[in-house]
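What follows is run-v5.tsv (TSV, C-alpha atoms and all ligand atoms).
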chain	number	residue	atom	x	y	z
A	1	MET	CA	0.00	0.00	0.00
A	2	GLU	CA	1.06	3.56	-0.73
A	3	LYS	CA	2.65	5.32	2.24
A	4	VAL	CA	0.35	7.85	3.89
A	5	ARG	CA	1.73	11.39	3.60
A	6	VAL	CA	-0.02	14.38	5.10
A	7	ARG	CA	1.04	18.01	4.99
A	8	PHE	CA	0.38	21.10	7.04
A	9	ALA	CA	0.80	24.09	4.72
A	10	PRO	CA	0.55	27.42	6.56
A	11	SER	CA	1.21	30.79	4.95
A	12	PRO	CA	3.62	33.02	6.89
A	13	THR	CA	1.17	35.91	7.04
A	14	GLY	CA	1.16	36.19	10.83
A	15	PRO	CA	1.28	34.06	13.96
A	16	LEU	CA	-0.27	30.59	13.93
A	17	HIS	CA	-3.82	30.68	15.29
A	18	LEU	CA	-4.90	27.94	17.70
A	19	GLY	CA	-7.24	26.69	14.95
A	20	GLY	CA	-4.14	26.20	12.79
A	21	VAL	CA	-2.48	24.27	15.63
A	22	ARG	CA	-5.53	22.01	15.76
A	23	THR	CA	-5.37	21.39	11.99
A	24	ALA	CA	-1.67	20.56	12.31
A	25	LEU	CA	-2.49	18.19	15.18
A	26	TYR	CA	-5.09	16.33	13.11
A	27	ASP	CA	-2.68	16.14	10.14
A	28	TYR	CA	0.03	14.79	12.39
A	29	LEU	CA	-2.10	12.28	14.28
A	30	PHE	CA	-3.66	10.93	11.08
A	31	ALA	CA	-0.22	10.50	9.49
A	32	LYS	CA	1.24	8.82	12.58
A	33	ASN	CA	-1.79	6.59	13.10
A	34	LYS	CA	-1.25	5.25	9.57
A	35	GLY	CA	2.52	4.87	9.98
A	36	GLY	CA	2.98	7.76	7.55
A	37	ASP	CA	4.88	11.03	7.22
A	38	PHE	CA	3.95	14.49	8.41
A	39	VAL	CA	5.27	17.30	6.19
A	40	LEU	CA	5.45	21.02	6.98
A	41	ARG	CA	5.38	23.17	3.85
A	42	ILE	CA	5.61	26.95	4.00
A	43	GLU	CA	3.27	28.56	1.44
A	44	ASP	CA	4.89	31.95	0.91
A	45	THR	CA	4.01	32.81	-2.71
A	46	ASP	CA	1.89	35.78	-1.64
A	47	THR	CA	4.75	38.20	-1.10
A	48	ALA	CA	2.39	41.11	-0.38
A	49	ARG	CA	1.06	39.38	2.75
A	50	TYR	CA	4.41	38.01	3.97
A	51	VAL	CA	5.18	38.91	7.59
A	52	ASP	CA	8.77	38.82	8.82
A	53	GLY	CA	9.29	36.32	11.60
A	54	ALA	CA	6.03	34.42	10.93
A	55	GLU	CA	7.80	31.35	9.54
A	56	GLU	CA	10.11	31.11	12.56
A	57	TYR	CA	7.06	31.60	14.78
A	58	ILE	CA	5.21	28.70	13.10
A	59	MET	CA	8.21	26.37	13.56
A	60	GLU	CA	8.70	27.34	17.18
A	61	ALA	CA	4.99	27.07	17.97
A	62	LEU	CA	4.75	23.56	16.49
A	63	GLN	CA	7.87	22.56	18.43
A	64	TRP	CA	6.32	23.89	21.68
A	65	CYS	CA	3.15	21.90	20.95
A	66	GLY	CA	5.15	18.73	20.36
A	67	ILE	CA	4.16	18.49	16.69
A	68	ILE	CA	7.51	17.73	15.08
A	69	PRO	CA	7.53	17.41	11.26
A	70	ASP	CA	9.31	14.55	9.53
A	71	GLU	CA	10.06	16.93	6.65
A	72	SER	CA	10.17	20.75	6.69
A	73	PRO	CA	12.36	23.69	5.62
A	74	LYS	CA	14.29	23.13	8.88
A	75	HIS	CA	14.35	19.32	8.93
A	76	GLY	CA	14.90	18.90	5.15
A	77	GLY	CA	13.69	15.78	3.39
A	78	PRO	CA	13.52	14.01	0.03
A	79	TYR	CA	11.15	16.56	-1.56
A	80	ALA	CA	13.02	19.74	-0.56
A	81	PRO	CA	12.76	22.68	-0.83
A	82	TYR	CA	9.73	22.91	1.48
A	83	ARG	CA	9.37	26.66	1.07
A	84	GLN	CA	7.29	27.59	-1.98
A	85	SER	CA	9.30	30.72	-2.78
A	86	GLU	CA	12.25	28.39	-3.50
A	87	ARG	CA	10.29	26.17	-5.91
A	88	ARG	CA	9.81	28.68	-8.73
A	89	ASP	CA	11.57	26.52	-11.39
A	90	ILE	CA	9.23	23.63	-10.64
A	91	TYR	CA	6.16	25.85	-11.05
A	92	ASP	CA	7.47	27.42	-14.27
A	93	ALA	CA	7.74	23.98	-15.89
A	94	TYR	CA	4.16	23.09	-14.92
A	95	THR	CA	2.84	26.46	-16.12
A	96	GLY	CA	4.20	25.53	-19.56
A	97	GLN	CA	2.50	22.14	-19.24
A	98	ILE	CA	-0.98	23.41	-18.31
A	99	LEU	CA	-0.86	26.05	-21.05
A	100	LYS	CA	-0.55	23.24	-23.60
A	101	THR	CA	-3.91	21.85	-22.44
A	102	ASP	CA	-7.37	23.30	-22.93
A	103	TYR	CA	-7.60	24.10	-19.20
A	104	ALA	CA	-5.69	27.37	-19.12
A	105	TYR	CA	-5.32	30.59	-21.06
A	106	LEU	CA	-3.55	33.94	-20.93
A	107	ALA	CA	-5.46	37.01	-19.76
A	108	PHE	CA	-4.20	40.53	-20.53
A	109	ASP	CA	-6.89	42.58	-18.76
A	110	THR	CA	-5.41	45.36	-16.63
A	111	PRO	CA	-6.67	45.88	-13.05
A	112	GLU	CA	-8.31	49.13	-14.28
A	113	GLU	CA	-10.16	47.30	-17.07
A	114	LEU	CA	-11.42	44.68	-14.63
A	115	ASP	CA	-12.50	47.37	-12.16
A	116	ALA	CA	-14.50	49.07	-14.91
A	117	VAL	CA	-16.32	45.82	-15.80
A	118	ARG	CA	-16.94	45.11	-12.12
A	119	LYS	CA	-18.47	48.55	-11.74
A	120	GLU	CA	-20.65	48.10	-14.77
A	121	PHE	CA	-22.03	44.85	-13.26
A	122	GLU	CA	-22.56	46.49	-9.87
A	123	GLU	CA	-24.54	49.30	-11.45
A	124	ARG	CA	-26.89	46.69	-12.87
A	125	GLY	CA	-27.13	45.01	-9.47
A	126	ASP	CA	-25.02	42.03	-10.66
A	127	VAL	CA	-21.78	40.56	-9.39
A	128	PHE	CA	-18.97	40.21	-11.91
A	129	ALA	CA	-17.19	36.90	-12.28
A	130	TYR	CA	-14.46	36.06	-14.80
A	131	ASN	CA	-16.12	32.95	-16.18
A	132	PHE	CA	-17.78	31.20	-19.14
A	133	ALA	CA	-20.30	34.03	-19.47
A	134	THR	CA	-17.82	36.93	-19.53
A	135	ARG	CA	-14.62	35.32	-20.88
A	136	GLN	CA	-15.37	36.18	-24.52
A	137	ARG	CA	-15.83	39.89	-23.88
A	138	LEU	CA	-12.57	40.25	-21.94
A	139	ARG	CA	-8.98	40.48	-23.25
A	140	ASN	CA	-7.56	36.99	-23.28
A	141	SER	CA	-6.21	34.26	-25.53
A	142	GLU	CA	-9.69	32.71	-25.73
A	143	SER	CA	-11.33	35.86	-27.11
A	144	LEU	CA	-8.53	37.53	-29.11
A	145	PRO	CA	-7.23	36.38	-32.51
A	146	ASP	CA	-3.91	34.48	-32.37
A	147	GLU	CA	-1.94	37.28	-34.10
A	148	GLU	CA	-3.10	39.78	-31.52
A	149	VAL	CA	-2.07	37.48	-28.68
A	150	ARG	CA	1.32	37.07	-30.32
A	151	SER	CA	1.83	40.80	-30.72
A	152	LEU	CA	0.77	41.42	-27.11
A	153	LEU	CA	3.35	38.86	-26.01
A	154	ASP	CA	6.01	40.37	-28.33
A	155	ALA	CA	5.28	43.77	-26.79
A	156	LYS	CA	5.87	42.19	-23.35
A	157	THR	CA	2.32	43.05	-22.22
A	158	PRO	CA	1.82	41.76	-18.67
A	159	TYR	CA	-0.56	38.81	-18.41
A	160	VAL	CA	-1.85	36.29	-15.92
A	161	VAL	CA	-2.63	32.62	-16.54
A	162	ARG	CA	-6.24	31.71	-15.74
A	163	PHE	CA	-7.92	28.35	-15.30
A	164	LYS	CA	-10.53	27.69	-17.97
A	165	MET	CA	-13.37	26.32	-15.90
A	166	PRO	CA	-15.12	23.59	-17.91
A	167	PHE	CA	-18.66	24.53	-18.97
A	168	ASP	CA	-21.68	23.10	-17.15
A	169	ARG	CA	-20.18	20.02	-15.56
A	170	THR	CA	-21.58	18.54	-12.38
A	171	MET	CA	-18.68	17.34	-10.26
A	172	HIS	CA	-19.38	14.58	-7.76
A	173	LEU	CA	-16.93	14.99	-4.92
A	174	THR	CA	-16.18	13.08	-1.74
A	175	ASP	CA	-14.81	14.55	1.45
A	176	ILE	CA	-13.72	12.04	4.11
A	177	ILE	CA	-15.50	14.00	6.84
A	178	ARG	CA	-18.45	15.51	4.98
A	179	GLY	CA	-19.29	12.70	2.59
A	180	ASN	CA	-20.54	13.18	-0.98
A	181	PHE	CA	-21.55	16.49	-2.50
A	182	SER	CA	-21.90	17.96	-6.00
A	183	VAL	CA	-20.82	21.23	-7.55
A	184	ASN	CA	-21.78	22.59	-10.96
A	185	THR	CA	-18.77	24.20	-12.64
A	186	ASN	CA	-20.88	27.14	-13.85
A	187	THR	CA	-20.96	28.39	-10.25
A	188	LEU	CA	-17.14	28.67	-10.26
A	189	ASP	CA	-14.90	31.28	-11.88
A	190	ASP	CA	-11.69	31.21	-13.94
A	191	LYS	CA	-9.20	31.55	-11.08
A	192	VAL	CA	-5.79	33.09	-11.67
A	193	LEU	CA	-3.18	30.32	-11.58
A	194	VAL	CA	-0.07	32.40	-12.29
A	195	LYS	CA	0.26	36.10	-11.48
A	196	ASN	CA	1.81	38.67	-13.80
A	197	ASP	CA	5.12	38.43	-11.93
A	198	GLY	CA	5.28	34.74	-12.89
A	199	MET	CA	4.56	33.52	-9.35
A	200	PRO	CA	1.86	30.86	-9.03
A	201	THR	CA	-1.15	31.56	-6.83
A	202	TYR	CA	-2.01	29.36	-3.86
A	203	HIS	CA	-4.31	27.10	-5.92
A	204	PHE	CA	-1.73	26.16	-8.54
A	205	ALA	CA	1.33	25.92	-6.27
A	206	ASN	CA	-0.65	23.88	-3.76
A	207	ILE	CA	-1.68	21.11	-6.16
A	208	ILE	CA	1.76	20.98	-7.79
A	209	ASP	CA	3.45	20.57	-4.42
A	210	ASP	CA	0.93	18.06	-3.12
A	211	HIS	CA	1.55	16.01	-6.26
A	212	GLU	CA	5.35	16.40	-6.21
A	213	MET	CA	5.54	15.66	-2.48
A	214	LYS	CA	3.36	12.56	-2.90
A	215	ILE	CA	0.72	13.79	-0.44
A	216	THR	CA	-2.02	11.17	-0.07
A	217	HIS	CA	-4.42	13.03	2.26
A	218	VAL	CA	-5.16	16.76	2.29
A	219	ILE	CA	-6.56	17.48	5.76
A	220	ARG	CA	-7.23	21.21	6.19
A	221	GLY	CA	-9.67	23.80	7.49
A	222	GLU	CA	-13.18	23.96	6.13
A	223	GLU	CA	-12.58	27.39	4.58
A	224	TRP	CA	-10.92	25.45	1.73
A	225	LEU	CA	-13.93	23.25	0.97
A	226	PRO	CA	-15.20	25.66	-1.74
A	227	SER	CA	-11.81	25.28	-3.51
A	228	MET	CA	-11.95	21.50	-3.61
A	229	ALA	CA	-13.73	21.31	-7.00
A	230	LEU	CA	-11.10	23.56	-8.58
A	231	HIS	CA	-8.30	21.52	-7.05
A	232	VAL	CA	-9.77	18.23	-8.31
A	233	LEU	CA	-10.11	19.80	-11.79
A	234	LEU	CA	-6.50	20.99	-11.65
A	235	TYR	CA	-5.36	17.41	-10.96
A	236	GLU	CA	-7.44	16.31	-13.95
A	237	ALA	CA	-5.91	19.04	-16.14
A	238	MET	CA	-2.40	17.92	-15.19
A	239	GLY	CA	-3.26	14.24	-15.67
A	240	TRP	CA	-2.52	13.43	-12.01
A	241	GLU	CA	-4.40	11.41	-9.46
A	242	ALA	CA	-5.97	13.63	-6.78
A	243	PRO	CA	-5.29	12.95	-3.08
A	244	GLN	CA	-8.16	12.33	-0.67
A	245	PHE	CA	-9.61	15.40	1.03
A	246	ALA	CA	-10.86	15.98	4.56
A	247	HIS	CA	-12.08	19.44	5.61
A	248	LEU	CA	-12.06	20.04	9.37
A	249	SER	CA	-14.58	22.24	11.17
A	250	LEU	CA	-13.18	25.53	12.37
A	251	ILE	CA	-12.93	26.83	15.92
A	252	LEU	CA	-15.75	29.36	16.00
A	253	LYS	CA	-16.47	32.57	17.88
A	254	PRO	CA	-18.20	32.04	21.24
A	255	GLU	CA	-21.53	33.06	19.65
A	256	GLY	CA	-21.03	30.35	17.02
A	257	LYS	CA	-20.89	32.61	13.97
A	258	GLY	CA	-17.60	33.00	12.12
A	259	LYS	CA	-14.04	32.01	12.87
A	260	LEU	CA	-12.58	32.70	16.33
A	261	SER	CA	-10.52	35.88	16.01
A	262	LYS	CA	-7.89	37.67	18.03
A	263	ARG	CA	-10.56	40.23	18.90
A	264	ASP	CA	-12.71	37.51	20.54
A	265	GLY	CA	-9.66	36.49	22.54
A	266	ASP	CA	-9.04	40.08	23.66
A	267	LYS	CA	-12.72	40.49	24.58
A	268	PHE	CA	-12.95	37.33	26.65
A	269	GLY	CA	-9.44	37.50	28.06
A	270	PHE	CA	-7.69	34.53	26.48
A	271	PRO	CA	-4.95	34.38	23.82
A	272	VAL	CA	-5.72	32.81	20.44
A	273	PHE	CA	-2.04	32.16	19.70
A	274	PRO	CA	0.20	29.54	21.30
A	275	LEU	CA	3.16	31.94	21.65
A	276	GLN	CA	3.33	35.69	21.98
A	277	PHE	CA	3.93	37.50	18.67
A	278	LYS	CA	5.26	40.96	18.06
A	279	ASP	CA	4.35	42.25	14.62
A	280	PRO	CA	7.62	43.69	13.24
A	281	GLU	CA	5.80	46.35	11.20
A	282	THR	CA	3.16	47.64	13.59
A	283	GLY	CA	4.91	46.71	16.84
A	284	ASN	CA	1.58	45.24	18.05
A	285	VAL	CA	1.98	42.41	20.52
A	286	SER	CA	-0.46	39.48	20.45
A	287	ALA	CA	-0.73	37.50	23.66
A	288	GLY	CA	0.42	33.87	23.71
A	289	TYR	CA	-0.42	30.96	26.01
A	290	ARG	CA	3.27	30.29	26.69
A	291	GLU	CA	4.01	33.82	27.89
A	292	ASP	CA	0.75	33.89	29.85
A	293	GLY	CA	2.14	31.00	31.89
A	294	TYR	CA	0.26	28.02	30.48
A	295	LEU	CA	2.20	24.79	30.11
A	296	PRO	CA	2.21	23.29	26.61
A	297	ASP	CA	0.38	20.26	28.03
A	298	ALA	CA	-2.49	22.43	29.24
A	299	PHE	CA	-2.71	24.30	25.94
A	300	MET	CA	-2.61	21.16	23.82
A	301	ASN	CA	-5.04	19.40	26.12
A	302	MET	CA	-7.50	22.16	25.29
A	303	VAL	CA	-6.74	21.89	21.55
A	304	GLY	CA	-7.10	18.11	21.58
A	305	MET	CA	-4.18	16.22	23.04
A	306	PRO	CA	-1.19	17.06	25.31
A	307	PRO	CA	2.32	17.14	23.75
A	308	THR	CA	3.66	14.34	25.93
A	309	ILE	CA	1.24	12.04	24.11
A	310	VAL	CA	1.56	13.84	20.77
A	311	ARG	CA	5.37	13.42	20.85
A	312	SER	CA	5.11	9.73	21.63
A	313	PHE	CA	3.49	9.20	18.22
A	314	ARG	CA	6.49	10.61	16.42
A	315	TRP	CA	8.31	7.35	15.84
A	316	MET	CA	5.23	5.23	15.16
A	317	LYS	CA	5.74	3.45	11.86
B	1	LIG	N1	-1.65	28.04	2.70
B	1	LIG	C1	-3.00	27.66	2.98
B	1	LIG	C2	-3.40	28.25	4.34
B	1	LIG	O1	-2.60	28.92	4.93
B	1	LIG	C3	-3.09	26.15	3.00
B	1	LIG	C4	-4.43	25.59	2.72
B	1	LIG	C5	-4.31	24.09	2.43
B	1	LIG	O2	-4.00	23.35	3.37
B	1	LIG	O3	-4.47	23.70	1.27
B	1	LIG	O4	-4.48	28.10	4.82
This structure in structure tokens:
Amino acid sequence: MEKVRVRFAPSPTGPLHLGGVRTALYDYLFAKNKGGDFVLRIEDTDTARYVDGAEEYIMEALQWCGIIPDESPKHGGPYAPYRQSERRDIYDAYTGQILKTDYAYLAFDTPEELDAVRKEFEERGDVFAYNFATRQRLRNSESLPDEEVRSLLDAKTPYVVRFKMPFDRTMHLTDIIRGNFSVNTNTLDDKVLVKNDGMPTYHFANIIDDHEMKITHVIRGEEWLPSMALHVLLYEAMGWEAPQFAHLSLILKPEGKGKLSKRDGDKFGFPVFPLQFKDPETGNVSAGYREDGYLPDAFMNMVGMPPTIVRSFRWMK
């Protein structure tokens, strides 16, 4: 049987929320229960949201919680590098590959042009989506004649690569936790896969890395459930087998509506981060359980399982 491999893939956009710790714990316990590997991958392709020190924070927080990766930027491993910003060459090759299929196209629309269309839709009381219904009236390699696309490329016009969402397909999907559900592709839009600086977006980099790193189970927060259809279609476009998916419930606000936020923590007097974090830009300090005097065992007991037990799973094969 194929070896179980599970990844935790945080973005270094700030400190790791206790909900993130819980996701990492489930990833880790599932992998260890199956005699598999637990991989930590840093998803840092969104340079605009990158926060200095967040990656180190994530590593230290996981260490404090007893969740030690088998493979990570720090621990290395057979599928290194584990930091997406260092995997650009890999993504470039796959961008070339998907552009040869009928699942992707080049889009030359400027942000101003898209804003104008968005406004036009809003004025009519509609919501704009870049999709099957609007694709032909926008500036892309699906709507423009080949010579025009070539001259735009020759003139070094900036472009993004978009996913060409198949028309009117009902996808039957299975989530390990939620069971079967269906999505019609006409409800989804043509997501950007590669930005105009050549960097892949989360969606594209994520499926490439999960494939390259031989991930068998994607266990992540439920906010990613709406992206599952796109991800399954991306695997299809690349001719790869998709992993299995499990979307975990989130830790909610005390009133039950929406994700638990730092503001809820401040209001009710408890931290939402395992360790204290000082934002290098704003200087704002977010409280942490460790600095507030909680032992890691107490914190992890609240999240699901104390580190003394979590650590003992590490060598289970
Ligand atoms: N980088 C994404 C996040 O920070 C990962 C989502 C996933 O696990 O696919 O939430």
Protein and nucleic residues near ligand LIG 1 (chain B), 9 Å, all atoms listed in the file, as a tab-separated table (two decimals) with C-alpha atoms, in the frame of the given file:
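Contents of selection-v3.tsv, as written:
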chain	number	residue	atom	x	y	z
A	7	ARG	CA	1.04	18.01	4.99
A	8	PHE	CA	0.38	21.10	7.04
A	9	ALA	CA	0.80	24.09	4.72
A	10	PRO	CA	0.55	27.42	6.56
A	11	SER	CA	1.21	30.79	4.95
A	12	PRO	CA	3.62	33.02	6.89
A	13	THR	CA	1.17	35.91	7.04
A	20	GLY	CA	-4.14	26.20	12.79
A	23	THR	CA	-5.37	21.39	11.99
A	41	ARG	CA	5.38	23.17	3.85
A	42	ILE	CA	5.61	26.95	4.00
A	43	GLU	CA	3.27	28.56	1.44
A	44	ASP	CA	4.89	31.95	0.91
A	202	TYR	CA	-2.01	29.36	-3.86
A	203	HIS	CA	-4.31	27.10	-5.92
A	206	ASN	CA	-0.65	23.88	-3.76
A	207	ILE	CA	-1.68	21.11	-6.16
A	210	ASP	CA	0.93	18.06	-3.12
A	218	VAL	CA	-5.16	16.76	2.29
A	219	ILE	CA	-6.56	17.48	5.76
A	220	ARG	CA	-7.23	21.21	6.19
A	221	GLY	CA	-9.67	23.80	7.49
A	223	GLU	CA	-12.58	27.39	4.58
A	224	TRP	CA	-10.92	25.45	1.73
A	227	SER	CA	-11.81	25.28	-3.51
Q) Which of these residues is nearest to Leu25 of chain A, using only C-alpha atoms: A:Ala129, A:Arg124, A:Phe38, A:Ser261? A) A:Phe38
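Each of A:Arg178, A:Lys195, A:Arg137, A:Arg5 was checked against Asp46 of chain A using all atoms listed in the file; the smallest atom-to-atom distance is that of A:Lys195.
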Q.
Calculated over all atoms listed in the file, which of the candidates A:Lys32, A:His231, A:Lys214, A:His17 has the smallest distance to Pro78 of chain A?
A. A:Lys214
**Q.** Minimum-distance residue to Gln136 of chain A, chosen among A:Arg118, A:Arg150, A:Lys164, A:Lys3 (using all atoms listed in the file)
**A.** A:Lys164
Q.
List as a count of residues only the protein and nucleic acid residues near Ala104 of chain A, meaning an atom at most 9 Å away when only C-alpha atoms are counted, but skip any in the same chain fewer than 5 places from it.
A. 10
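If you look at atom CA of Pro111 of chain A and atom CA of Ile208 of chain A, they are 26.8 Å away from each other.
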Q.
With 9 Å as the threshold, what does the neighbourhood of (6.5, 31.2, 23.8) contain in terms of residues, counting all atoms listed in the file? Coordinates are those of the file; answer as a list in words.
A. Glu60, Ala61, Trp64, Pro274, Leu275, Gln276, Phe277, Gly288, Tyr289, Arg290, Glu291 and Asp292 of chain A
Q: Write out as a count of residues only the residues lying within 9 Å of Tyr82 of chain A, counting only C-alpha atoms and excluding same-chain residues fewer than 4 positions away.
A: 14
Q: Grab the atom CA of Met171 of chain A to atom CA of Ala229 of chain A distance for me, in Å with one decimal place.
A: 7.1 Å
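The gap separating atom CA of Phe108 of chain A from atom CA of Arg135 of chain A is 11.7 Å, in Å to one decimal.
In terms of minimum interatomic distance to Gly265 of chain A, A:Leu18 ranks closest within A:Met302, A:Ala133, A:Ala246, A:Leu18, counting all atoms listed in the file.
Considering only C-alpha atoms, the residue among A:Leu188, A:Thr47, A:His75, A:Tyr130 positioned nearest to Gln63 of chain A is A:His75.
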(Q) So that I can check the surroundings of Pro158 of chain A, please list as a PyMOL selection string every protein, DNA and RNA residue that reaches within 10 Å of it, counting all atoms listed in the file and ignoring chain neighbours fewer than 4 positions away. (A) chain A and resi 106-110+152-153+195-198
